[in-house]
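Participant: Contents are PDB, C-alpha atoms; file name work-v8.pdb:
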ATOM      1  CA  MET H 152    -143.806-128.560 -15.542
ATOM      2  CA  LYS H 153    -145.902-131.739 -15.499
ATOM      3  CA  GLY H 154    -143.850-134.825 -14.672
ATOM      4  CA  LEU H 155    -140.723-132.790 -13.967
ATOM      5  CA  ASN H 156    -140.794-133.737 -10.306
ATOM      6  CA  ALA H 157    -141.600-137.408 -10.882
ATOM      7  CA  PRO H 158    -139.405-139.790  -8.855
ATOM      8  CA  ASP H 159    -138.855-141.988 -11.902
ATOM      9  CA  ASP H 160    -135.832-140.965 -14.054
ATOM     10  CA  ASP H 161    -137.428-141.966 -17.342
ATOM     11  CA  ARG H 162    -140.653-140.119 -16.672
ATOM     12  CA  ARG H 163    -138.687-137.011 -15.803
ATOM     13  CA  ARG H 164    -136.650-137.450 -18.966
ATOM     14  CA  ARG H 165    -139.822-137.595 -21.068
ATOM     15  CA  ALA H 166    -141.153-134.487 -19.305
ATOM     16  CA  MET H 167    -138.044-132.520 -20.232
ATOM     17  CA  GLU H 168    -138.853-132.137 -23.942
ATOM     18  CA  PRO H 169    -142.076-130.112 -23.519
ATOM     19  CA  PHE H 170    -140.394-128.141 -20.734
ATOM     20  CA  VAL H 171    -137.451-127.303 -23.020
ATOM     21  CA  ARG H 172    -139.795-126.275 -25.835
ATOM     22  CA  GLU H 173    -141.765-124.051 -23.483
ATOM     23  CA  THR H 174    -138.854-122.310 -21.787
ATOM     24  CA  PHE H 175    -135.958-122.337 -24.283
ATOM     25  CA  GLN H 176    -136.525-118.845 -25.729
ATOM     26  CA  MET H 177    -137.072-117.278 -22.332
ATOM     27  CA  PHE H 178    -133.976-118.863 -20.784
ATOM     28  CA  ILE H 179    -131.682-118.214 -23.741
ATOM     29  CA  ARG H 180    -132.651-114.514 -23.801
ATOM     30  CA  TYR H 181    -131.979-114.270 -20.115
ATOM     31  CA  LEU H 182    -128.580-115.951 -20.411
ATOM     32  CA  TYR H 183    -127.690-113.694 -23.304
ATOM     33  CA  ARG H 184    -127.586-110.774 -20.876
ATOM     34  CA  TYR H 185    -124.631-112.344 -19.123
ATOM     35  CA  LEU H 186    -122.768-113.980 -21.997
ATOM     36  CA  GLY H 187    -123.649-112.078 -25.175
ATOM     37  CA  ASN H 188    -122.770-115.141 -27.206
ATOM     38  CA  GLU H 189    -125.266-117.645 -28.620
ATOM     39  CA  VAL H 190    -122.923-120.634 -28.645
ATOM     40  CA  GLU H 191    -121.972-120.236 -25.003
ATOM     41  CA  CYS H 192    -125.592-119.590 -24.051
ATOM     42  CA  GLU H 193    -126.615-122.902 -25.601
ATOM     43  CA  ASP H 194    -123.765-124.811 -23.947
ATOM     44  CA  VAL H 195    -124.631-123.395 -20.538
ATOM     45  CA  LEU H 196    -128.341-123.957 -21.042
ATOM     46  CA  GLU H 197    -127.797-127.597 -22.011
ATOM     47  CA  ASP H 198    -126.125-128.191 -18.649
ATOM     48  CA  VAL H 199    -128.796-126.159 -16.851
ATOM     49  CA  TYR H 200    -131.523-128.424 -18.254
ATOM     50  CA  GLY H 201    -129.446-131.461 -17.308
ATOM     51  CA  ASP H 202    -129.190-130.144 -13.741
ATOM     52  CA  ILE H 203    -132.932-129.462 -13.652
ATOM     53  CA  TRP H 204    -133.588-133.050 -14.742
ATOM     54  CA  GLU H 205    -131.238-134.339 -12.053
ATOM     55  CA  LYS H 206    -132.506-132.176  -9.188
ATOM     56  CA  PRO H 207    -135.868-130.590  -9.986
ATOM     57  CA  ASP H 208    -136.847-130.072  -6.301
ATOM     58  CA  ARG H 209    -136.376-126.302  -6.461
ATOM     59  CA  LEU H 210    -139.041-125.963  -9.130
ATOM     60  CA  ARG H 211    -141.706-127.775  -7.113
ATOM     61  CA  ASP H 212    -143.472-124.658  -5.797
ATOM     62  CA  VAL H 213    -142.977-122.389  -8.813
ATOM     63  CA  GLU H 214    -146.224-120.720  -9.822
ATOM     64  CA  SER H 215    -145.407-117.886 -12.216
ATOM     65  CA  GLU H 216    -143.042-117.229 -15.109
ATOM     66  CA  ARG H 217    -141.132-114.637 -13.118
ATOM     67  CA  GLN H 218    -140.709-117.039 -10.212
ATOM     68  CA  LEU H 219    -139.521-119.744 -12.605
ATOM     69  CA  LEU H 220    -136.884-117.476 -14.141
ATOM     70  CA  ARG H 221    -135.706-116.300 -10.744
ATOM     71  CA  THR H 222    -135.460-119.829  -9.341
ATOM     72  CA  VAL H 223    -133.729-121.220 -12.399
ATOM     73  CA  TYR H 224    -131.208-118.365 -12.394
ATOM     74  CA  LEU H 225    -130.433-118.582  -8.680
ATOM     75  CA  TYR H 226    -130.210-122.345  -8.335
ATOM     76  CA  TYR H 227    -129.161-123.638 -11.752
ATOM     77  CA  MET H 228    -127.851-120.936 -14.135
ATOM     78  CA  ARG H 229    -125.654-119.051 -11.691
ATOM     79  CA  LYS H 230    -123.617-122.133 -10.829
ATOM     80  CA  ARG H 231    -123.023-122.902 -14.500
ATOM     81  CA  LEU H 232    -122.220-119.267 -15.364
ATOM     82  CA  ARG H 233    -119.557-119.218 -12.641
ATOM     83  CA  GLU H 234    -118.020-122.361 -14.098
ATOM     84  CA  VAL H 235    -117.614-120.760 -17.522
ATOM     85  CA  TYR H 236    -115.016-118.320 -16.216
ATOM     86  CA  ARG H 237    -113.705-120.106 -13.106
ATOM     87  CA  ARG H 238    -110.812-121.727 -14.927
ATOM     88  CA  MET H 239    -109.742-118.350 -16.320
ATOM     89  CA  ASN H 240    -109.351-116.766 -12.916
ATOM     90  CA  ARG H 241    -105.809-118.067 -12.407
ATOM     91  CA  HIS H 242    -104.605-115.636 -15.060
ATOM     92  CA  LEU H 243    -106.707-112.626 -14.077
ATOM     93  CA  TYR H 244    -106.062-109.593 -11.903
ATOM     94  CA  LEU H 245    -109.579-109.795 -10.583
ATOM     95  CA  SER H 246    -110.653-111.328  -7.276
ATOM     96  CA  GLN H 247    -112.921-114.366  -7.392
ATOM     97  CA  ASN H 248    -115.640-112.266  -5.813
ATOM     98  CA  ASP H 249    -115.433-109.541  -8.464
ATOM     99  CA  LEU H 250    -115.345-112.114 -11.222
ATOM    100  CA  THR H 251    -118.537-113.681  -9.860
ATOM    101  CA  ASN H 252    -120.159-110.250  -9.533
ATOM    102  CA  LEU H 253    -119.327-109.527 -13.134
ATOM    103  CA  THR H 254    -120.218-112.822 -14.758
ATOM    104  CA  ALA H 255    -122.865-114.368 -12.484
ATOM    105  CA  PRO H 256    -124.082-111.636 -10.133
ATOM    106  CA  GLU H 257    -126.687-111.708  -7.387
ATOM    107  CA  LEU H 258    -130.100-110.690  -8.641
ATOM    108  CA  GLY H 259    -130.496-106.908  -8.599
ATOM    109  CA  THR H 260    -133.784-105.020  -8.818
ATOM    110  CA  LEU H 261    -133.616-104.895 -12.606
ATOM    111  CA  ASP H 262    -132.729-108.561 -13.007
ATOM    112  CA  THR H 263    -136.051-109.714 -11.636
ATOM    113  CA  MET H 264    -138.064-107.835 -14.265
ATOM    114  CA  SER H 265    -139.383-109.650 -17.315
ATOM    115  CA  GLN H 266    -138.174-108.780 -20.815
ATOM    116  CA  SER H 267    -141.375-106.870 -21.664
ATOM    117  CA  GLU H 268    -141.306-104.945 -18.382
ATOM    118  CA  LEU H 269    -137.680-104.035 -18.988
ATOM    119  CA  LYS H 270    -138.432-102.838 -22.502
ATOM    120  CA  HIS H 271    -141.219-100.666 -21.155
ATOM    121  CA  ALA H 272    -139.110 -99.256 -18.314
ATOM    122  CA  LEU H 273    -136.180 -98.626 -20.648
ATOM    123  CA  GLY H 274    -138.401 -96.907 -23.191
ATOM    124  CA  GLN H 275    -139.755 -94.610 -20.505
ATOM    125  CA  ALA H 276    -136.307 -93.869 -19.091
ATOM    126  CA  LEU H 277    -134.857 -93.161 -22.551
ATOM    127  CA  GLY H 278    -137.691 -90.708 -23.161
ATOM    128  CA  ARG H 279    -136.671 -88.725 -20.110
ATOM    129  CA  LEU H 280    -133.023 -88.369 -21.131
ATOM    130  CA  LYS H 281    -131.481 -85.379 -22.890
ATOM    131  CA  ALA H 282    -131.408 -85.725 -26.677
ATOM    132  CA  ARG H 283    -127.639 -86.214 -26.837
ATOM    133  CA  GLU H 284    -127.640 -88.820 -24.072
ATOM    134  CA  ARG H 285    -130.499 -90.713 -25.683
ATOM    135  CA  ARG H 286    -128.797 -90.633 -29.080
ATOM    136  CA  ALA H 287    -125.571 -92.063 -27.625
ATOM    137  CA  ILE H 288    -127.429 -95.004 -26.066
ATOM    138  CA  GLU H 289    -129.574 -95.585 -29.146
ATOM    139  CA  LEU H 290    -126.545 -95.645 -31.433
ATOM    140  CA  TRP H 291    -124.825 -98.071 -29.107
ATOM    141  CA  LEU H 292    -127.908-100.289 -29.123
ATOM    142  CA  GLU H 293    -127.818-100.203 -32.930
ATOM    143  CA  GLY H 294    -124.432-101.898 -32.672
ATOM    144  CA  MET H 295    -122.157 -98.939 -33.394
ATOM    145  CA  SER H 296    -118.654 -98.741 -31.944
ATOM    146  CA  VAL H 297    -117.628 -95.921 -29.593
ATOM    147  CA  ARG H 298    -115.531 -94.371 -32.364
ATOM    148  CA  ALA H 299    -118.467 -94.420 -34.784
ATOM    149  CA  ILE H 300    -120.706 -92.858 -32.126
ATOM    150  CA  ALA H 301    -118.063 -90.156 -31.561
ATOM    151  CA  ASN H 302    -118.032 -89.420 -35.298
ATOM    152  CA  GLU H 303    -121.810 -89.264 -35.358
ATOM    153  CA  LEU H 304    -121.998 -86.926 -32.368
ATOM    154  CA  LYS H 305    -118.971 -84.951 -33.599
ATOM    155  CA  THR H 306    -116.995 -85.398 -30.418
ATOM    156  CA  THR H 307    -114.074 -87.437 -29.057
ATOM    157  CA  VAL H 308    -113.985 -91.100 -28.080
ATOM    158  CA  GLY H 309    -113.211 -90.162 -24.458
ATOM    159  CA  ALA H 310    -116.191 -87.811 -24.292
ATOM    160  CA  VAL H 311    -118.504 -90.524 -25.617
ATOM    161  CA  LYS H 312    -117.260 -92.994 -22.991
ATOM    162  CA  MET H 313    -117.888 -90.451 -20.250
ATOM    163  CA  LEU H 314    -121.309 -89.563 -21.665
ATOM    164  CA  LYS H 315    -122.265 -93.229 -21.857
ATOM    165  CA  PHE H 316    -121.118 -93.903 -18.303
ATOM    166  CA  ARG H 317    -123.068 -90.974 -16.852
ATOM    167  CA  THR H 318    -126.148 -91.784 -18.933
ATOM    168  CA  ILE H 319    -126.101 -95.417 -17.841
ATOM    169  CA  LEU H 320    -125.971 -94.338 -14.196
ATOM    170  CA  LYS H 321    -128.896 -92.019 -14.882
ATOM    171  CA  LEU H 322    -130.795 -94.892 -16.502
ATOM    172  CA  LYS H 323    -130.122 -97.065 -13.482
ATOM    173  CA  LYS H 324    -131.626 -94.448 -11.191
ATOM    174  CA  MET H 325    -134.687 -93.963 -13.399
ATOM    175  CA  MET H 326    -135.314 -97.670 -13.844
ATOM    176  CA  SER H 327    -134.957 -98.331 -10.117
ATOM    177  CA  GLU H 328    -137.554 -95.615  -9.495
ATOM    178  CA  TYR H 329    -139.827 -97.297 -12.033
ATOM    179  CA  CYS H 330    -139.381-100.616 -10.170
ATOM    180  CA  ARG H 331    -140.340 -99.016  -6.864
ATOM    181  CA  GLU H 332    -143.414 -97.351  -8.385
ATOM    182  CA  GLU H 333    -144.544-100.616  -9.955
TER
ATOM    183  CA  MET U  37    -108.293-102.379 -25.253
ATOM    184  CA  ALA U  38    -104.551-101.744 -25.535
ATOM    185  CA  ASP U  39    -104.700 -98.922 -22.979
ATOM    186  CA  THR U  40    -103.178-100.197 -19.720
ATOM    187  CA  ASN U  41    -104.492 -97.752 -17.168
ATOM    188  CA  ARG U  42    -108.092 -97.198 -18.042
ATOM    189  CA  LYS U  43    -110.421 -95.025 -16.021
ATOM    190  CA  ILE U  44    -113.716 -96.327 -14.741
ATOM    191  CA  GLN U  45    -115.789 -94.974 -17.652
ATOM    192  CA  GLU U  46    -113.368 -96.567 -20.116
ATOM    193  CA  LEU U  47    -113.548 -99.871 -18.260
ATOM    194  CA  LEU U  48    -117.334 -99.787 -18.361
ATOM    195  CA  SER U  49    -117.316 -98.940 -22.050
ATOM    196  CA  ASP U  50    -114.961-101.829 -22.793
ATOM    197  CA  TYR U  51    -117.021-104.203 -20.626
ATOM    198  CA  ALA U  52    -120.196-103.157 -22.442
ATOM    199  CA  GLY U  53    -118.511-103.597 -25.831
ATOM    200  CA  ALA U  54    -117.136-107.025 -24.894
ATOM    201  CA  LEU U  55    -120.518-108.183 -23.628
ATOM    202  CA  ARG U  56    -122.261-106.936 -26.757
ATOM    203  CA  ASP U  57    -119.762-108.651 -29.022
ATOM    204  CA  GLY U  58    -119.780-111.870 -26.971
ATOM    205  CA  CYS U  59    -116.094-111.724 -26.083
ATOM    206  CA  LEU U  60    -116.104-111.171 -22.339
ATOM    207  CA  PRO U  61    -112.950-113.302 -21.805
ATOM    208  CA  VAL U  62    -110.968-110.819 -23.921
ATOM    209  CA  PHE U  63    -112.027-107.989 -21.621
ATOM    210  CA  LEU U  64    -111.276-110.012 -18.488
ATOM    211  CA  LYS U  65    -107.806-110.911 -19.747
ATOM    212  CA  SER U  66    -107.088-107.297 -20.670
ATOM    213  CA  LEU U  67    -107.483-106.081 -17.081
ATOM    214  CA  THR U  68    -104.360-104.991 -15.216
ATOM    215  CA  ARG U  69    -103.925-105.247 -11.446
ATOM    216  CA  GLN U  70    -104.568-101.499 -11.083
ATOM    217  CA  GLU U  71    -107.706-101.647 -13.208
ATOM    218  CA  GLY U  72    -108.975-104.604 -11.186
ATOM    219  CA  LYS U  73    -108.569-102.525  -8.025
ATOM    220  CA  THR U  74    -110.278 -99.531  -9.634
ATOM    221  CA  MET U  75    -113.256-101.707 -10.484
ATOM    222  CA  THR U  76    -113.415-103.235  -7.006
ATOM    223  CA  CYS U  77    -113.507 -99.808  -5.339
ATOM    224  CA  SER U  78    -116.090 -98.220  -7.626
ATOM    225  CA  ASP U  79    -119.756 -98.675  -6.659
ATOM    226  CA  ASP U  80    -120.752 -96.759  -9.776
ATOM    227  CA  PHE U  81    -119.113 -99.378 -11.974
ATOM    228  CA  TRP U  82    -121.156-102.224 -10.477
ATOM    229  CA  GLU U  83    -124.388-100.235 -10.725
ATOM    230  CA  ALA U  84    -123.676 -99.353 -14.333
ATOM    231  CA  ALA U  85    -122.689-102.950 -15.110
ATOM    232  CA  GLU U  86    -126.173-104.078 -14.072
ATOM    233  CA  VAL U  87    -127.735-101.664 -16.582
ATOM    234  CA  VAL U  88    -125.269-102.744 -19.271
ATOM    235  CA  ARG U  89    -126.429-106.344 -18.862
ATOM    236  CA  VAL U  90    -130.046-105.233 -19.073
ATOM    237  CA  LEU U  91    -129.313-103.219 -22.232
ATOM    238  CA  ASN U  92    -127.551-106.251 -23.668
ATOM    239  CA  GLY U  93    -130.606-108.399 -23.003
ATOM    240  CA  VAL U  94    -133.155-105.892 -24.242
ATOM    241  CA  GLY U  95    -131.182-104.652 -27.227
ATOM    242  CA  PHE U  96    -129.537-107.762 -28.588
ATOM    243  CA  ALA U  97    -131.047-110.962 -27.155
ATOM    244  CA  ASP U  98    -133.918-110.858 -29.643
ATOM    245  CA  LYS U  99    -131.466-110.642 -32.546
ATOM    246  CA  ALA U 100    -129.429-113.642 -31.382
ATOM    247  CA  ALA U 101    -129.429-116.523 -33.843
ATOM    248  CA  THR U 102    -130.318-119.494 -31.680
ATOM    249  CA  ALA U 103    -130.631-123.137 -32.613
ATOM    250  CA  ASP U 104    -133.872-124.871 -33.544
ATOM    251  CA  VAL U 105    -135.728-125.867 -30.340
ATOM    252  CA  GLY U 106    -136.270-129.437 -31.552
ATOM    253  CA  LEU U 107    -132.563-129.918 -32.194
ATOM    254  CA  PHE U 108    -131.707-128.360 -28.869
ATOM    255  CA  ALA U 109    -134.191-130.641 -27.071
ATOM    256  CA  SER U 110    -132.385-133.663 -28.519
ATOM    257  CA  ARG U 111    -129.075-132.205 -27.293
ATOM    258  CA  VAL U 112    -130.559-131.979 -23.811
ATOM    259  CA  ASP U 113    -131.829-135.541 -24.086
ATOM    260  CA  ALA U 114    -128.352-136.750 -25.081
ATOM    261  CA  ASN U 115    -126.905-134.879 -22.093
ATOM    262  CA  ILE U 116    -129.407-136.632 -19.789
ATOM    263  CA  ALA U 117    -128.628-139.995 -21.366
ATOM    264  CA  SER U 118    -124.909-139.534 -20.712
ATOM    265  CA  ARG U 119    -125.635-138.514 -17.103
ATOM    266  CA  LEU U 120    -127.745-141.650 -16.651
ATOM    267  CA  LYS U 121    -124.945-143.771 -18.073
ATOM    268  CA  ARG U 122    -122.392-142.102 -15.807
ATOM    269  CA  ALA U 123    -124.613-142.602 -12.763
ATOM    270  CA  LYS U 124    -124.874-146.322 -13.509
ATOM    271  CA  ARG U 125    -121.111-146.652 -13.821
ATOM    272  CA  SER U 126    -120.161-144.381 -10.924
ATOM    273  CA  PRO U 127    -118.202-145.964  -8.049
ATOM    274  CA  ARG U 128    -120.413-144.169  -5.531
ATOM    275  CA  ALA U 129    -123.362-146.259  -6.620
ATOM    276  CA  ARG U 130    -121.347-149.421  -6.113
ATOM    277  CA  ARG U 131    -120.401-148.356  -2.592
ATOM    278  CA  THR U 132    -124.025-148.339  -1.533
ATOM    279  CA  ASN U 133    -124.279-152.143  -1.748
ATOM    280  CA  GLY U 134    -123.126-152.556   1.847
ATOM    281  CA  ALA U 135    -119.420-153.177   1.137
ATOM    282  CA  ARG U 136    -117.127-151.272   3.537
ATOM    283  CA  SER U 137    -113.437-150.751   3.904
ATOM    284  CA  MET U 138    -111.694-152.996   6.434
ATOM    285  CA  ASN U 139    -110.965-150.046   8.747
ATOM    286  CA  LYS U 140    -114.580-148.968   8.924
ATOM    287  CA  ALA U 141    -115.730-152.539   9.443
ATOM    288  CA  ARG U 142    -113.278-152.949  12.331
ATOM    289  CA  LYS U 143    -114.391-149.686  13.951
ATOM    290  CA  ALA U 144    -118.006-150.780  13.778
ATOM    291  CA  GLU U 145    -117.285-154.101  15.534
ATOM    292  CA  LYS U 146    -118.104-154.111  19.218
ATOM    293  CA  PRO U 147    -115.231-155.000  21.527
ATOM    294  CA  ILE U 148    -115.758-158.216  23.440
TER
END
Could you quickly redo this structure as structure tokens?

Facilitator:
Amino acid sequence: MKGLNAPDDDRRRRAMEPFVRETFQMFIRYLYRYLGNEVECEDVLEDVYGDIWEKPDRLRDVESERQLLRTVYLYYMRKRLREVYRRMNRHLYLSQNDLTNLTAPELGTLDTMSQSELKHALGQALGRLKARERRAIELWLEGMSVRAIANELKTTVGAVKMLKFRTILKLKKMMSEYCREE
Amino acid sequence: MADTNRKIQELLSDYAGALRDGCLPVFLKSLTRQEGKTMTCSDDFWEAAEVVRVLNGVGFADKAATADVGLFASRVDANIASRLKRAKRSPRARRTNGARSMNKARKAEKPI
């Protein structure tokens, strides 16, 4: 973060390289949640770093990694994420508000947790699920399609979709509880 | 995603699949007016969508094949360079040299 808030453009530009090296992996993983596509993540992140270079004021009082991620998401990433899909909205049956909530939402309780905390909370929550529910989520996380999961669990596609939906809602409840306890 | 009147669990499943496969625009384009309304009215959908994003991050972000950091840093530097160039050329910058339109200059003049 050294030199990032310097008034001189060139000094700030020089300070960007170590900042990019330090934060690239963390930011790209975070963006991946919303885009699920490496190429788009990199395009968005390039503009995010450009915006940070242009207006770094928001990062002045950042003290921790969590605070950095939160600030960067709220003030830099969110704007760029909205722009990715804004042009599409003309052809969609989805209100602008819903589109924003889907592609660049407000930060929920789970969004503020770090990757390692999330992994821990998810691991705990998965352990508390019924075997069939856990299996459905695990297979999905392995990259299997709904049809393949249905074959594996010897059930129908519709039943798997319902099972997944209910299990995800259960996970949400468990992980929110974990957040409150922490 | 050929089904035209999907229920909320089907919509969530398709959203999760699209996010995992990196083709969210395909899902967005596939939505019908009715499905859009169904999503708007369902609190469960939005709660589940938050978890889906988390699962996407935890399950797949580590496997993403990202560019080399050094190469990416030079991309960022090129982006900054083009912004600097644009800022130097921008008409806004030229306007700050004290030049005003005739109308504004006239308004600013005190009547005798």

Participant: Tell me which residues the PyMOL selection byres ((chain U and resi 100) around 10) grabs here, as a list of chain:residue names.

Facilitator: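 With the shown file as input, the PyMOL selection byres ((chain U and resi 100) around 10) matches H:Ile179, H:Arg180, H:Tyr183, H:Gly187, H:Asn188, H:Glu189, H:Val190, U:Gly93, U:Phe96, U:Ala97, U:Asp98, U:Lys99, U:Ala101, U:Thr102, U:Ala103.
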
Participant: Quick one: apply the PyMOL selection byres ((chain H and resi 199) around 9) to the file and drop the selected residues here as a list of chain:residue names.

Facilitator: H:Asp194, H:Val195, H:Leu196, H:Glu197, H:Asp198, H:Tyr200, H:Gly201, H:Asp202, H:Ile203, H:Trp204, H:Val223, H:Tyr227, H:Met228, H:Lys230, H:Arg231

Participant: Show me which bits of chain H are within 8 Å of chain U, counting only C-alpha atoms, as a VMD selection string.

Facilitator: chain H and resid 164 167 to 168 171 to 172 175 180 to 181 183 to 189 193 197 to 198 200 to 201 204 236 242 to 246 249 253 259 261 to 262 266 269 to 270 292 to 293 296 309 312 to 313 315 to 316 319 to 320 322 to 323

Participant: The selected residues should be written to file as a compact mmCIF listing (two decimals), in the coordinates of the input (atoms: C-alpha atoms).

Facilitator:
# COMPACT_ATOMS: atom_id res chain seq x y z
CA ARG H 164 -136.65 -137.45 -18.97
CA MET H 167 -138.04 -132.52 -20.23
CA GLU H 168 -138.85 -132.14 -23.94
CA VAL H 171 -137.45 -127.30 -23.02
CA ARG H 172 -139.79 -126.28 -25.84
CA PHE H 175 -135.96 -122.34 -24.28
CA ARG H 180 -132.65 -114.51 -23.80
CA TYR H 181 -131.98 -114.27 -20.11
CA TYR H 183 -127.69 -113.69 -23.30
CA ARG H 184 -127.59 -110.77 -20.88
CA TYR H 185 -124.63 -112.34 -19.12
CA LEU H 186 -122.77 -113.98 -22.00
CA GLY H 187 -123.65 -112.08 -25.18
CA ASN H 188 -122.77 -115.14 -27.21
CA GLU H 189 -125.27 -117.64 -28.62
CA GLU H 193 -126.62 -122.90 -25.60
CA GLU H 197 -127.80 -127.60 -22.01
CA ASP H 198 -126.12 -128.19 -18.65
CA TYR H 200 -131.52 -128.42 -18.25
CA GLY H 201 -129.45 -131.46 -17.31
CA TRP H 204 -133.59 -133.05 -14.74
CA TYR H 236 -115.02 -118.32 -16.22
CA HIS H 242 -104.60 -115.64 -15.06
CA LEU H 243 -106.71 -112.63 -14.08
CA TYR H 244 -106.06 -109.59 -11.90
CA LEU H 245 -109.58 -109.80 -10.58
CA SER H 246 -110.65 -111.33 -7.28
CA ASP H 249 -115.43 -109.54 -8.46
CA LEU H 253 -119.33 -109.53 -13.13
CA GLY H 259 -130.50 -106.91 -8.60
CA LEU H 261 -133.62 -104.90 -12.61
CA ASP H 262 -132.73 -108.56 -13.01
CA GLN H 266 -138.17 -108.78 -20.82
CA LEU H 269 -137.68 -104.04 -18.99
CA LYS H 270 -138.43 -102.84 -22.50
CA LEU H 292 -127.91 -100.29 -29.12
CA GLU H 293 -127.82 -100.20 -32.93
CA SER H 296 -118.65 -98.74 -31.94
CA GLY H 309 -113.21 -90.16 -24.46
CA LYS H 312 -117.26 -92.99 -22.99
CA MET H 313 -117.89 -90.45 -20.25
CA LYS H 315 -122.26 -93.23 -21.86
CA PHE H 316 -121.12 -93.90 -18.30
CA ILE H 319 -126.10 -95.42 -17.84
CA LEU H 320 -125.97 -94.34 -14.20
CA LEU H 322 -130.79 -94.89 -16.50
CA LYS H 323 -130.12 -97.06 -13.48

Participant: Hey, can you check how far atom CA of H:Glu332 sits from atom CA of H:Ala272?

Facilitator: 11.0 Å

Participant: Would you mind reading off the distance between atom CA of H:Glu214 and atom CA of H:Ser265, one decimal, in Å?

Facilitator: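 These atoms are spaced 15.0 Å apart.
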
Participant: Return the padded bounding box of stretch 39-51 of chain U as JSON: axis-aligned, built from all atoms listed in the file, 6 Å added on each side, with centre and edge lengths in Å to one decimal.

Facilitator:
{"center_x": -110.3, "center_y": -99.6, "center_z": -18.9, "size_x": 26.2, "size_y": 21.2, "size_z": 20.2}

Participant: To one decimal in Å, tell me the separation between atom CA of H:Ala282 and atom CA of H:Lys305.

Facilitator: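 Atom-to-atom, atom CA of H:Ala282 to atom CA of H:Lys305, that is 14.3 Å.
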
Participant: Which residues, written as a ChimeraX atom specification, have at least one atom at most 10 Å from H:Ala299, with all atoms listed in the file counted and residues fewer than 4 positions away on the same chain left out?

Facilitator: /H:290-291,294-295,303-305,308,311
